[in-house]
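The data block below is coords-v7.txt; it holds compact mmCIF, C-alpha atoms and all ligand atoms.
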# COMPACT_ATOMS: atom_id res chain seq x y z
CA MET C 1 24.29 29.59 -44.97
CA SER C 2 22.24 30.16 -41.90
CA ILE C 3 22.33 33.47 -40.12
CA ALA C 4 22.39 31.67 -36.82
CA LEU C 5 25.98 30.67 -37.48
CA ASN C 6 27.04 34.29 -37.24
CA LEU C 7 25.34 34.95 -33.96
CA ASP C 8 27.17 34.97 -30.71
CA HIS C 9 25.62 32.03 -28.87
CA ALA C 10 25.84 33.71 -25.51
CA THR C 11 23.58 36.52 -26.64
CA ALA C 12 21.51 34.77 -29.31
CA PRO C 13 17.89 34.69 -28.29
CA ARG C 14 16.87 31.14 -27.43
CA PRO C 15 13.77 29.97 -29.32
CA ALA C 16 10.63 30.02 -27.23
CA ARG C 17 10.37 27.04 -24.90
CA GLN C 18 7.51 25.61 -26.94
CA THR C 19 9.50 25.41 -30.13
CA ARG C 20 12.25 23.33 -28.56
CA LYS C 21 11.70 19.63 -29.05
CA PRO C 22 11.70 17.13 -26.18
CA LEU C 23 14.27 14.36 -26.53
CA VAL C 24 13.27 12.08 -23.67
CA GLY C 25 11.22 9.14 -24.92
CA LEU C 26 12.56 8.96 -28.48
CA ASP C 27 14.06 5.64 -29.50
CA ARG C 28 17.66 5.70 -30.75
CA ALA C 29 16.78 6.04 -34.43
CA ALA C 30 14.25 8.82 -33.80
CA LEU C 31 16.70 10.56 -31.49
CA ALA C 32 19.42 10.60 -34.15
CA GLN C 33 16.92 11.77 -36.79
CA THR C 34 15.59 14.54 -34.53
CA LEU C 35 19.13 15.73 -33.85
CA VAL C 36 19.74 16.02 -37.59
CA GLU C 37 16.53 18.02 -37.96
CA GLY C 38 17.85 20.31 -35.25
CA GLY C 39 21.01 20.99 -37.20
CA ILE C 40 23.43 18.36 -35.87
CA ALA C 41 25.65 17.09 -38.67
CA GLU C 42 24.37 13.83 -40.11
CA ARG C 43 27.70 12.03 -39.73
CA GLU C 44 27.75 12.83 -36.00
CA ALA C 45 24.13 12.07 -35.26
CA ARG C 46 24.51 8.48 -34.08
CA MET C 47 27.43 9.31 -31.84
CA ARG C 48 25.63 12.32 -30.38
CA ALA C 49 22.53 10.19 -29.84
CA SER C 50 24.46 7.66 -27.75
CA GLN C 51 26.18 10.42 -25.78
CA LEU C 52 22.81 11.96 -25.04
CA TRP C 53 21.30 8.56 -24.19
CA ASN C 54 23.96 8.13 -21.55
CA TRP C 55 23.51 11.61 -20.12
CA MET C 56 19.72 11.35 -20.04
CA TYR C 57 19.22 7.83 -18.78
CA VAL C 58 22.40 6.83 -16.94
CA ASN C 59 23.37 10.18 -15.45
CA GLY C 60 19.97 11.82 -15.28
CA VAL C 61 21.27 15.11 -16.62
CA THR C 62 18.71 17.70 -17.71
CA ASP C 63 21.08 20.53 -18.53
CA PHE C 64 23.05 20.35 -21.79
CA GLU C 65 25.79 22.46 -20.17
CA ARG C 66 26.74 19.49 -17.96
CA MET C 67 27.47 17.26 -20.97
CA THR C 68 31.19 17.64 -20.75
CA ASN C 69 32.10 15.22 -23.55
CA ILE C 70 30.19 17.40 -26.01
CA GLY C 71 31.88 20.54 -27.31
CA LYS C 72 30.59 23.91 -26.18
CA GLY C 73 29.23 24.93 -29.60
CA VAL C 74 27.24 21.74 -30.03
CA ARG C 75 25.98 21.96 -26.44
CA GLN C 76 24.63 25.41 -27.23
CA GLN C 77 23.07 24.17 -30.44
CA LEU C 78 21.37 21.37 -28.49
CA ALA C 79 20.14 23.78 -25.83
CA ASP C 80 18.73 26.08 -28.50
CA ASN C 81 16.74 23.38 -30.21
CA PHE C 82 15.91 20.71 -27.68
CA MET C 83 14.82 20.18 -24.12
CA LEU C 84 15.19 17.44 -21.54
CA ASP C 85 12.41 18.69 -19.33
CA ARG C 86 10.93 16.60 -16.58
CA PRO C 87 7.44 16.96 -15.16
CA GLU C 88 6.83 19.66 -12.60
CA ILE C 89 6.21 18.35 -9.11
CA VAL C 90 2.90 19.74 -7.91
CA THR C 91 2.94 17.78 -4.65
CA GLU C 92 5.03 15.08 -3.04
CA GLN C 93 3.50 13.25 -0.11
CA VAL C 94 5.01 10.59 2.13
CA SER C 95 2.77 8.08 3.88
CA SER C 96 3.31 6.88 7.43
CA ASP C 97 4.42 3.56 5.89
CA GLY C 98 7.00 5.23 3.65
CA THR C 99 4.97 5.10 0.45
CA ARG C 100 5.53 8.25 -1.56
CA LYS C 101 3.13 9.83 -4.01
CA TRP C 102 3.80 12.57 -6.51
CA LEU C 103 1.36 14.64 -8.46
CA PHE C 104 3.22 15.47 -11.65
CA ARG C 105 2.25 18.16 -14.14
CA PHE C 106 3.00 17.91 -17.84
CA ARG C 107 2.72 20.48 -20.55
CA ASP C 108 2.31 19.12 -24.06
CA PRO C 109 5.16 20.63 -26.08
CA ALA C 110 3.41 19.82 -29.35
CA ASN C 111 0.27 21.68 -28.20
CA PRO C 112 1.50 24.53 -26.02
CA ASN C 113 -1.95 26.09 -25.89
CA MET C 114 -3.51 23.05 -24.28
CA PRO C 115 -3.87 23.22 -20.49
CA PRO C 116 -1.29 21.13 -18.62
CA VAL C 117 -2.31 17.69 -17.39
CA GLU C 118 -1.57 16.01 -14.10
CA VAL C 119 -1.01 12.40 -13.12
CA GLU C 120 -0.07 10.54 -9.98
CA THR C 121 2.96 8.27 -9.59
CA VAL C 122 3.54 6.17 -6.48
CA TYR C 123 6.71 4.75 -4.95
CA ILE C 124 6.36 1.70 -2.73
CA PRO C 125 9.57 0.94 -0.80
CA GLU C 126 10.46 -2.30 0.93
CA THR C 127 13.68 -3.17 2.72
CA ASP C 128 15.21 -4.97 -0.25
CA ARG C 129 13.43 -3.39 -3.21
CA GLY C 130 11.38 -0.42 -4.35
CA THR C 131 8.53 -0.38 -6.84
CA LEU C 132 7.44 2.58 -8.90
CA CYS C 133 3.80 2.55 -9.97
CA VAL C 134 3.61 4.51 -13.21
CA SER C 135 0.61 6.05 -15.00
CA SER C 136 -0.01 5.63 -18.72
CA GLN C 137 -2.99 7.94 -19.27
CA VAL C 138 -4.61 10.97 -17.71
CA GLY C 139 -7.87 9.37 -16.59
CA CYS C 140 -9.14 6.21 -18.27
CA THR C 141 -11.68 5.42 -20.97
CA LEU C 142 -12.78 2.38 -19.02
CA THR C 143 -15.20 2.52 -16.14
CA CYS C 144 -14.40 -0.30 -13.76
CA SER C 145 -17.00 0.24 -11.09
CA PHE C 146 -14.63 -0.09 -8.09
CA CYS C 147 -11.83 2.14 -9.43
CA HIS C 148 -11.44 5.82 -8.70
CA THR C 149 -9.55 6.48 -11.93
CA GLY C 150 -12.51 4.97 -13.77
CA THR C 151 -14.71 7.86 -12.62
CA GLN C 152 -12.47 10.30 -14.44
CA THR C 153 -12.94 10.52 -18.18
CA LEU C 154 -9.88 10.14 -20.35
CA VAL C 155 -8.16 13.46 -20.84
CA ARG C 156 -5.36 12.17 -23.01
CA ASN C 157 -2.71 9.53 -23.48
CA LEU C 158 0.69 10.27 -22.02
CA THR C 159 3.58 10.37 -24.48
CA ALA C 160 6.51 7.97 -24.12
CA GLY C 161 8.53 10.91 -22.81
CA GLU C 162 5.93 11.65 -20.15
CA ILE C 163 5.78 8.01 -19.06
CA LEU C 164 9.57 7.97 -18.77
CA GLY C 165 9.52 11.43 -17.21
CA GLN C 166 7.77 9.90 -14.18
CA VAL C 167 10.56 7.33 -13.86
CA LEU C 168 13.34 9.90 -14.30
CA MET C 169 11.85 12.37 -11.86
CA ALA C 170 11.26 9.66 -9.26
CA ARG C 171 14.84 8.41 -9.69
CA GLU C 172 16.09 11.92 -9.14
CA ARG C 173 13.99 12.51 -6.04
CA LEU C 174 15.07 9.15 -4.61
CA GLY C 175 18.75 9.68 -5.30
CA ASP C 176 19.12 6.93 -7.90
CA PHE C 177 21.33 8.90 -10.30
CA PRO C 178 25.10 9.11 -9.79
CA GLY C 179 25.90 11.70 -7.13
CA GLY C 180 22.29 11.78 -5.90
CA SER C 181 21.30 11.49 -2.27
CA ARG C 182 18.53 9.46 -0.71
CA PRO C 183 15.65 11.30 0.92
CA THR C 184 15.77 11.28 4.70
CA ASP C 185 12.00 11.23 5.19
CA GLY C 186 10.48 7.84 4.52
CA LEU C 187 11.87 4.44 3.71
CA VAL C 188 14.17 3.51 0.84
CA PRO C 189 15.80 0.09 0.39
CA SER C 190 18.99 -0.32 2.37
CA GLY C 191 22.55 -0.81 1.18
CA GLU C 192 23.65 -0.39 -2.39
CA THR C 193 20.28 -1.37 -3.84
CA ARG C 194 18.76 1.12 -6.22
CA ALA C 195 15.75 2.90 -4.78
CA ILE C 196 13.69 1.86 -7.81
CA THR C 197 14.23 -1.81 -8.62
CA ASN C 198 10.84 -2.50 -10.18
CA ILE C 199 8.28 -0.74 -12.32
CA VAL C 200 4.59 -1.58 -12.47
CA MET C 201 2.30 -0.03 -15.05
CA MET C 202 -0.52 0.07 -12.51
CA GLY C 203 -1.09 3.77 -12.08
CA MET C 204 -3.75 5.75 -13.86
CA GLY C 205 -5.01 4.51 -17.21
CA GLU C 206 -5.17 1.38 -19.30
CA PRO C 207 -1.64 0.87 -20.68
CA LEU C 208 -2.78 -1.27 -23.59
CA TYR C 209 -5.01 1.56 -24.83
CA ASN C 210 -1.83 3.61 -25.16
CA TYR C 211 0.18 0.74 -26.51
CA ASP C 212 2.75 2.46 -28.74
CA ASN C 213 3.84 5.01 -26.13
CA VAL C 214 3.93 2.46 -23.33
CA LYS C 215 5.95 0.09 -25.51
CA GLN C 216 8.46 2.77 -26.39
CA ALA C 217 8.82 3.93 -22.80
CA LEU C 218 9.31 0.41 -21.44
CA LEU C 219 11.81 -0.53 -24.12
CA ILE C 220 13.82 2.54 -23.14
CA ALA C 221 13.49 1.83 -19.40
CA SER C 222 14.86 -1.68 -19.98
CA ASP C 223 17.60 -0.64 -22.43
CA GLU C 224 20.90 -1.93 -21.08
CA ALA C 225 22.80 1.20 -22.00
CA GLY C 226 20.34 3.35 -20.06
CA ILE C 227 18.10 2.91 -17.03
CA SER C 228 18.65 -0.80 -17.55
CA LEU C 229 15.82 -2.32 -15.54
CA SER C 230 15.36 -6.00 -16.23
CA LYS C 231 12.15 -6.80 -18.14
CA ARG C 232 11.42 -9.35 -15.45
CA ARG C 233 11.16 -6.45 -13.02
CA ILE C 234 8.68 -4.56 -15.14
CA THR C 235 5.01 -5.56 -14.94
CA LEU C 236 2.24 -4.25 -17.13
CA SER C 237 -1.28 -4.57 -15.76
CA THR C 238 -4.24 -4.66 -18.12
CA SER C 239 -7.96 -4.89 -17.58
CA GLY C 240 -8.01 -7.24 -20.59
CA VAL C 241 -7.35 -5.60 -23.96
CA VAL C 242 -7.10 -9.01 -25.59
CA PRO C 243 -5.68 -8.10 -29.05
CA LYS C 244 -2.73 -6.33 -27.43
CA ILE C 245 -1.78 -9.11 -25.01
CA GLY C 246 0.20 -11.14 -27.56
CA PRO C 247 2.15 -8.10 -28.83
CA THR C 248 2.93 -7.09 -25.23
CA GLY C 249 4.78 -10.36 -24.81
CA SER C 250 6.45 -10.52 -28.20
CA GLU C 251 7.30 -6.84 -28.73
CA ILE C 252 7.83 -5.51 -25.19
CA GLY C 253 8.61 -8.74 -23.31
CA VAL C 254 7.65 -7.53 -19.84
CA MET C 255 5.74 -9.40 -17.17
CA LEU C 256 1.97 -9.39 -17.46
CA ALA C 257 -0.71 -8.82 -14.84
CA ILE C 258 -4.40 -9.24 -15.55
CA SER C 259 -7.11 -7.45 -13.60
CA LEU C 260 -9.43 -10.42 -13.34
CA HIS C 261 -11.61 -9.56 -10.32
CA ALA C 262 -14.46 -11.91 -11.22
CA VAL C 263 -14.79 -15.51 -12.35
CA ARG C 264 -18.15 -15.19 -14.12
CA ASP C 265 -18.91 -13.06 -17.16
CA ASP C 266 -22.11 -11.57 -15.72
CA LEU C 267 -20.25 -10.15 -12.72
CA ARG C 268 -17.10 -9.20 -14.65
CA ASP C 269 -19.29 -7.30 -17.15
CA ILE C 270 -20.18 -4.99 -14.25
CA LEU C 271 -16.85 -4.79 -12.43
CA VAL C 272 -14.60 -4.61 -15.48
CA PRO C 273 -16.89 -3.57 -18.34
CA ILE C 274 -14.27 -4.25 -21.03
CA ASN C 275 -15.32 -7.85 -20.37
CA LYS C 276 -18.36 -7.25 -22.58
CA LYS C 277 -16.00 -6.82 -25.48
CA TRP C 278 -13.49 -9.53 -24.56
CA PRO C 279 -15.09 -12.03 -22.16
CA LEU C 280 -13.27 -14.37 -19.80
CA LYS C 281 -12.87 -17.20 -22.28
CA GLU C 282 -11.04 -15.00 -24.81
CA LEU C 283 -9.01 -13.32 -22.10
CA LEU C 284 -7.79 -16.58 -20.62
CA GLN C 285 -7.09 -17.96 -24.07
CA ALA C 286 -4.83 -14.97 -24.78
CA CYS C 287 -3.11 -15.55 -21.43
CA ARG C 288 -2.45 -19.21 -22.23
CA HIS C 289 -0.66 -18.06 -25.37
CA TYR C 290 1.29 -15.20 -23.77
CA PRO C 291 4.71 -15.22 -25.44
CA GLY C 292 7.47 -16.21 -23.03
CA LEU C 293 5.07 -17.68 -20.47
CA SER C 294 6.67 -20.34 -18.26
CA ASN C 295 6.79 -21.39 -14.63
CA ALA C 296 9.62 -18.91 -14.17
CA ARG C 297 7.65 -16.16 -15.92
CA ARG C 298 4.12 -16.40 -14.64
CA ILE C 299 1.16 -14.14 -15.25
CA THR C 300 -0.15 -12.35 -12.16
CA PHE C 301 -3.92 -12.40 -11.81
CA GLU C 302 -5.20 -9.53 -9.71
CA TYR C 303 -8.40 -10.02 -7.78
CA VAL C 304 -9.89 -7.18 -5.75
CA MET C 305 -11.70 -8.39 -2.65
CA LEU C 306 -15.19 -6.87 -2.61
CA ARG C 307 -17.43 -7.74 0.30
CA ASP C 308 -20.32 -10.04 -0.67
CA ILE C 309 -19.67 -9.40 -4.35
CA ASN C 310 -16.87 -11.73 -5.46
CA ASP C 311 -15.46 -13.16 -2.23
CA SER C 312 -17.27 -16.46 -1.58
CA ASP C 313 -15.61 -19.86 -1.24
CA ALA C 314 -17.29 -20.85 -4.50
CA ASP C 315 -15.64 -17.86 -6.21
CA ALA C 316 -12.24 -18.93 -4.85
CA ARG C 317 -12.68 -22.48 -6.08
CA GLU C 318 -13.82 -21.26 -9.49
CA LEU C 319 -10.80 -18.96 -9.67
CA VAL C 320 -8.46 -21.87 -9.10
CA ARG C 321 -10.31 -23.95 -11.68
CA LEU C 322 -10.24 -21.18 -14.32
CA LEU C 323 -6.50 -20.69 -14.00
CA ALA C 324 -5.60 -24.38 -14.09
CA GLY C 325 -2.87 -24.95 -16.63
CA ILE C 326 -1.75 -21.33 -16.81
CA PRO C 327 1.56 -20.57 -15.05
CA ALA C 328 0.05 -18.01 -12.67
CA LYS C 329 0.41 -16.02 -9.49
CA ILE C 330 -2.69 -14.79 -7.73
CA ASN C 331 -2.73 -11.39 -6.09
CA LEU C 332 -5.69 -10.73 -3.81
CA ILE C 333 -6.06 -6.97 -3.37
CA PRO C 334 -8.12 -5.72 -0.42
CA PHE C 335 -10.48 -3.14 -1.89
CA ASN C 336 -9.26 0.40 -1.23
CA PRO C 337 -12.21 2.68 -0.66
CA TRP C 338 -12.47 6.18 -2.08
CA PRO C 339 -15.00 8.95 -1.51
CA GLY C 340 -18.22 7.97 -3.22
CA SER C 341 -17.32 4.33 -3.89
CA ASN C 342 -20.17 1.84 -3.68
CA TYR C 343 -18.23 -1.14 -2.41
CA GLU C 344 -16.75 -2.35 0.82
CA CYS C 345 -13.63 -4.37 1.37
CA SER C 346 -14.18 -8.02 2.29
CA THR C 347 -13.70 -8.77 5.99
CA SER C 348 -10.27 -10.02 6.97
CA SER C 349 -11.63 -13.42 7.97
CA ARG C 350 -13.28 -13.72 4.53
CA ILE C 351 -10.04 -12.75 2.80
CA GLU C 352 -8.22 -15.34 4.90
CA LYS C 353 -10.64 -18.09 3.95
CA PHE C 354 -10.50 -17.11 0.29
CA ALA C 355 -6.70 -16.99 0.43
CA ASP C 356 -6.67 -20.36 2.13
CA ILE C 357 -8.47 -22.02 -0.77
CA VAL C 358 -6.12 -20.33 -3.22
CA ASN C 359 -3.12 -21.34 -1.10
CA ARG C 360 -4.14 -24.94 -0.91
CA ALA C 361 -4.27 -24.98 -4.72
CA GLY C 362 -0.56 -24.16 -4.67
CA TYR C 363 -0.44 -20.36 -4.95
CA ALA C 364 1.85 -18.82 -2.33
CA SER C 365 1.20 -15.68 -0.21
CA PRO C 366 -1.48 -14.18 -2.38
CA VAL C 367 -2.75 -11.19 -0.34
CA ARG C 368 -1.35 -7.77 -1.25
CA THR C 369 -0.83 -5.45 1.73
CA PRO C 370 -2.41 -2.09 1.00
CA ARG C 371 0.20 0.65 1.07
CA GLY C 372 -0.11 4.39 1.34
CA ARG C 373 -3.85 4.42 2.07
CA ASP C 374 -3.45 7.51 4.29
CA ILE C 375 -2.23 9.57 1.35
CA PHE C 376 -4.64 8.00 -1.14
CA ALA C 377 -1.83 6.24 -2.93
CA ALA C 378 -3.21 2.70 -2.85
CA CYS C 379 -4.38 0.72 -5.90
CA GLY C 380 -7.32 2.28 -7.61
CA GLN C 381 -7.30 5.47 -5.55
CA LEU C 382 -5.38 7.60 -8.02
CA LYS C 383 -7.07 10.48 -9.65
CA SER C 384 -5.59 13.72 -10.84
CA GLU C 385 -5.77 16.85 -8.78
CA THR C 386 -6.94 18.73 -11.89
CA GLU C 387 -10.11 16.73 -11.85
CA ARG C 388 -10.60 17.09 -8.08
CA LEU C 389 -10.11 20.82 -8.30
CA SER C 390 -12.37 21.32 -11.23
CA LYS C 391 -15.03 19.30 -9.45
CA LYS C 392 -14.64 21.53 -6.40
CA ASP C 393 -14.78 24.55 -8.64
CA ARG C 394 -17.87 23.18 -10.32
CA GLU C 395 -19.53 22.62 -6.96
CA ALA C 396 -18.55 26.07 -5.79
CA LEU C 397 -20.04 27.53 -8.93
CA ALA C 398 -23.19 25.46 -8.55
CA GLY C 399 -23.50 26.44 -4.86
N1 LIG C 401 -5.75 -0.08 -15.94
C1 LIG C 401 -4.92 -1.15 -15.56
C2 LIG C 401 -3.84 -0.78 -14.58
C3 LIG C 401 -4.15 0.17 -13.45
S1 LIG C 401 -5.06 -0.36 -12.08
C4 LIG C 401 -5.75 -2.26 -15.00
O1 LIG C 401 -6.91 -2.08 -14.78
O2 LIG C 401 -5.19 -3.35 -14.85
C5 LIG C 401 -4.00 -1.41 -11.07
C6 LIG C 401 -4.82 -2.47 -10.29
O3 LIG C 401 -5.58 -1.86 -9.20
C7 LIG C 401 -5.85 -3.16 -11.16
O4 LIG C 401 -5.87 -4.54 -10.91
C8 LIG C 401 -7.13 -2.53 -10.69
O5 LIG C 401 -8.23 -3.31 -11.03
C9 LIG C 401 -6.90 -2.39 -9.22
N2 LIG C 401 -7.82 -1.47 -8.56
C10 LIG C 401 -8.52 -0.45 -9.09
N3 LIG C 401 -9.26 0.16 -8.15
C11 LIG C 401 -9.02 -0.47 -6.98
C12 LIG C 401 -9.46 -0.25 -5.64
N4 LIG C 401 -10.29 0.74 -5.32
N5 LIG C 401 -8.99 -1.09 -4.69
C13 LIG C 401 -8.11 -2.09 -5.00
N6 LIG C 401 -7.66 -2.31 -6.24
C14 LIG C 401 -8.11 -1.52 -7.23
FE1 LIG C 402 -9.07 2.04 -15.96
FE2 LIG C 402 -7.68 0.07 -14.74
FE3 LIG C 402 -9.26 1.73 -13.31
FE4 LIG C 402 -10.36 -0.07 -14.95
S1 LIG C 402 -9.11 -0.50 -13.09
S2 LIG C 402 -10.97 2.09 -14.77
S3 LIG C 402 -8.89 -0.11 -16.63
S4 LIG C 402 -7.43 2.30 -14.45
Take the structure in the file and give it back as structure tokens.
Amino acid sequence: MSIALNLDHATAPRPARQTRKPLVGLDRAALAQTLVEGGIAEREARMRASQLWNWMYVNGVTDFERMTNIGKGVRQQLADNFMLDRPEIVTEQVSSDGTRKWLFRFRDPANPNMPPVEVETVYIPETDRGTLCVSSQVGCTLTCSFCHTGTQTLVRNLTAGEILGQVLMARERLGDFPGGSRPTDGLVPSGETRAITNIVMMGMGEPLYNYDNVKQALLIASDEAGISLSKRRITLSTSGVVPKIGPTGSEIGVMLAISLHAVRDDLRDILVPINKKWPLKELLQACRHYPGLSNARRITFEYVMLRDINDSDADARELVRLLAGIPAKINLIPFNPWPGSNYECSTSSRIEKFADIVNRAGYASPVRTPRGRDIFAACGQLKSETERLSKKDREALAG
């Protein structure tokens, strides 16, 4: 018999925050198992897991007390042993175009002595849809020469719960949970549409270098009894981790985007150095075999427009030639500058000419409008405040 059973729950000391286990991000089986480890009766575990699933992902509840279909005693037991914490919001900025950027802070419950980490998450609203750009890592091990995140060394992978935590927190702030209200500053899609209709794994980090956590988070985000986002509305962008491309299609089943950026290996080796490991030929071969690929489910090829580097007519023609036979969309991204970057964005007339060649080959509206540049929320501009501060601190110390 456990002594805890004799304690009055109202006065029983709650275990320290760190010893309570996070439940967000566990798959159903792990959730049920974790509940049992926390003292929930084995015969109830599956039922409790689906009740919790609904509260966490459909209703967005973070307080066990609000789980009214769970008896008071069990609610207390859950609160004593588990947590449904979301990231802390360090900052929330809204761009003049309605783009919203959060700096989220996470503490690692398994390593409470580690300093917290911070990542950026961006919301890009349009009139009929809203896209959440989610981070998978704090920093990145890769060093793409035009990307701000690439200048920050990898601090750590985010857990599945932290990846989902960005989605849950954004849904809450945007009023996507039942009873929530839409923010009044900045755009959100009109009518009954959810604020977040799409997710792109295009924030900080290389998602396929954190494959297991990203997979788990995306399977939960697309679970029909939960957040229930269609897999066709979830896109994972990779710089080209070839061995994980097949599994992404067969095990996760989301849409794929490839950061191509160059059509020759010598240039791609510099822009996207992972190319030295998996060159263009292998990358495109993996794309041709992407599970589920069809004209209705195309791969998006991202191509950042860098002035005088990769933006000639010959590059455009070679791009079209390389992708022949692959059901593809092409996304031309005007380069977004950041302090200290060594590149310039191609001129608009150059982008137009490049786009024209791509268009004539049958790819529709390929240029991506930069969003949220004024708040440093555009592609490739994300970098955690932790790093910026410590750099400032370092400079202050050096000065
Ligand atoms: N690590 C993944 C996903 C995150 S980056 C990847 O590399 O695919 C999302 C997209 O923004 C990628 O295509 C990336 O190459 C692009 N990007 C990075 N820095 C950029 C910048 N400064 N301007 C425009 N696009 C950039
Ligand atoms: Fe990492 Fe992607 Fe940036 Fe390359 S472009 S450094 S893979 S985040």
Can you pull out every residue within 8 Å of range 44-53 of chain C, counting only C-alpha atoms, but drop anything in the same chain fewer than 4 positions away, and send it as a list in words?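 Close residues of range 44-53 of chain C: Arg28, Leu31, Ala32, Gln33, Leu35, Val36, Ile40, Tyr57, Val58, Asn69, Ala225 and Gly226 of chain C.
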Find the residues near ligand LIG 402 (chain C). Use a cut-off of 6 Å, count all atoms listed in the file, and write them as a list in words. Cys140, Leu142, Thr143, Cys144, Cys147, Thr149, Gly150, Met204, Gly205, Glu206 and Ser239 of chain C
Residues within 9 Å of range 171-184 of chain C, all atoms listed in the file, excluding chain neighbours under 6 positions, as a list in words: Tyr57, Val58, Asn59, Gly60, Val61, Arg194, Ala195 and Ile196 of chain C
May I ask which of the residues C:Leu236, C:Val138, C:Met169, C:Val254 is the closest one to Ile89 in chain C, counting all atoms listed in the file?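 Among C:Leu236, C:Val138, C:Met169, C:Val254, it is C:Met169 that comes nearest to Ile89 in chain C.
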Write out as a PyMOL selection string which residues come within 12 Å of Asp185 in chain C when counting all atoms listed in the file, dropping same-chain ones fewer than 4 positions away. chain C and resi 92-100+173-174+181
Counting all atoms listed in the file, what are the residues, protein, DNA or RNA alike, that approach ligand LIG 401 (chain C) to within 8 Å? I want them as a count of residues only. 39
Long-range neighbours of Ser346 in chain C as a ChimeraX atom specification, 7 Å cut-off, only C-alpha atoms, 3 positions minimum in chain: /C:305-307,311,350-351
Close residues, Ala314 in chain C itself excluded, 12 Å, only C-alpha atoms, min 4 positions apart in chain, as a list in words: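 The residues satisfying every condition are Ala262, Val263, Arg264, Asp308, Ile309, Asn310, Glu318, Leu319, Val320, Arg321, Lys353, Phe354, Ile357 and Val358 of chain C.
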Could you check how far CA of Asp128 in chain C sits from CA of Asn198 in chain C, in Å to one decimal?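 According to the coordinates, CA of Asp128 in chain C and CA of Asn198 in chain C are separated by 11.1 Å.
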Could you tell me how far CA of Leu283 in chain C lies from CA of Val241 in chain C, in Å and to one decimal?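 CA of Val241 in chain C lies at a distance of 8.1 Å from CA of Leu283 in chain C.
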Which of C:Gln77, C:Pro112, C:Ile252, C:Ala316 sits closest to Ile330 in chain C [using all atoms listed in the file]: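 Of all the options, C:Ala316 lies closest to Ile330 in chain C.
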Report, in Å to a single decimal, how far apart CA of Ser136 in chain C and CA of Tyr211 in chain C are. 9.2 Å
Pick from C:Asn295, C:Leu154, C:Leu132, C:Leu322 nearest to Thr235 in chain C, counting only C-alpha atoms: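 Of C:Asn295, C:Leu154, C:Leu132, C:Leu322, the one nearest Thr235 in chain C is C:Leu132, counting only C-alpha atoms.
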Which residue gives the smallest distance to Ile234 in chain C among C:Gly73, C:Ile274, C:Cys133, C:Val155, with only C-alpha atoms counted?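 The answer is C:Cys133, which sits nearest to Ile234 in chain C.
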List as a list in words: which residues have an atom within 10 Å of (0.9, 1.8, -25.8), counting only C-alpha atoms?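 The requested residues, written out, are Ser136, Gln137, Asn157, Leu158, Thr159, Ala160, Glu206, Pro207, Leu208, Tyr209, Asn210, Tyr211, Asp212, Asn213, Val214, Lys215, Gln216, Ala217, Leu218, Lys244 and Thr248 of chain C.
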If I wrap all listed atoms of range 75-89 of chain C in a box with edges along x, y and z and add 8 Å on each side, what are its centre and edge lengths in Å to one decimal, as AutoDock Vina command-line options?
--center_x 16.1 --center_y 21.3 --center_z -19.8 --size_x 35.8 --size_y 25.5 --size_z 37.3
C:Trp55, C:Thr347, C:Lys329, C:Arg368: which is nearest Ile70 in chain C, counting all atoms listed in the file?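 Ranked by minimum distance to Ile70 in chain C, first place goes to C:Trp55.
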I need the residue nearest Asp356 in chain C from this list: C:Asp80, C:Glu192, C:Asp374, C:Asp313. Use only C-alpha atoms for the distance. C:Asp313
Please work out which residues fall within 7 Å of (10.4, 5.1, -17.7), coordinates as given in the file, with all atoms listed in the file counting, and return them as a PyMOL selection string. chain C and resi 163-168+217-218+220-221
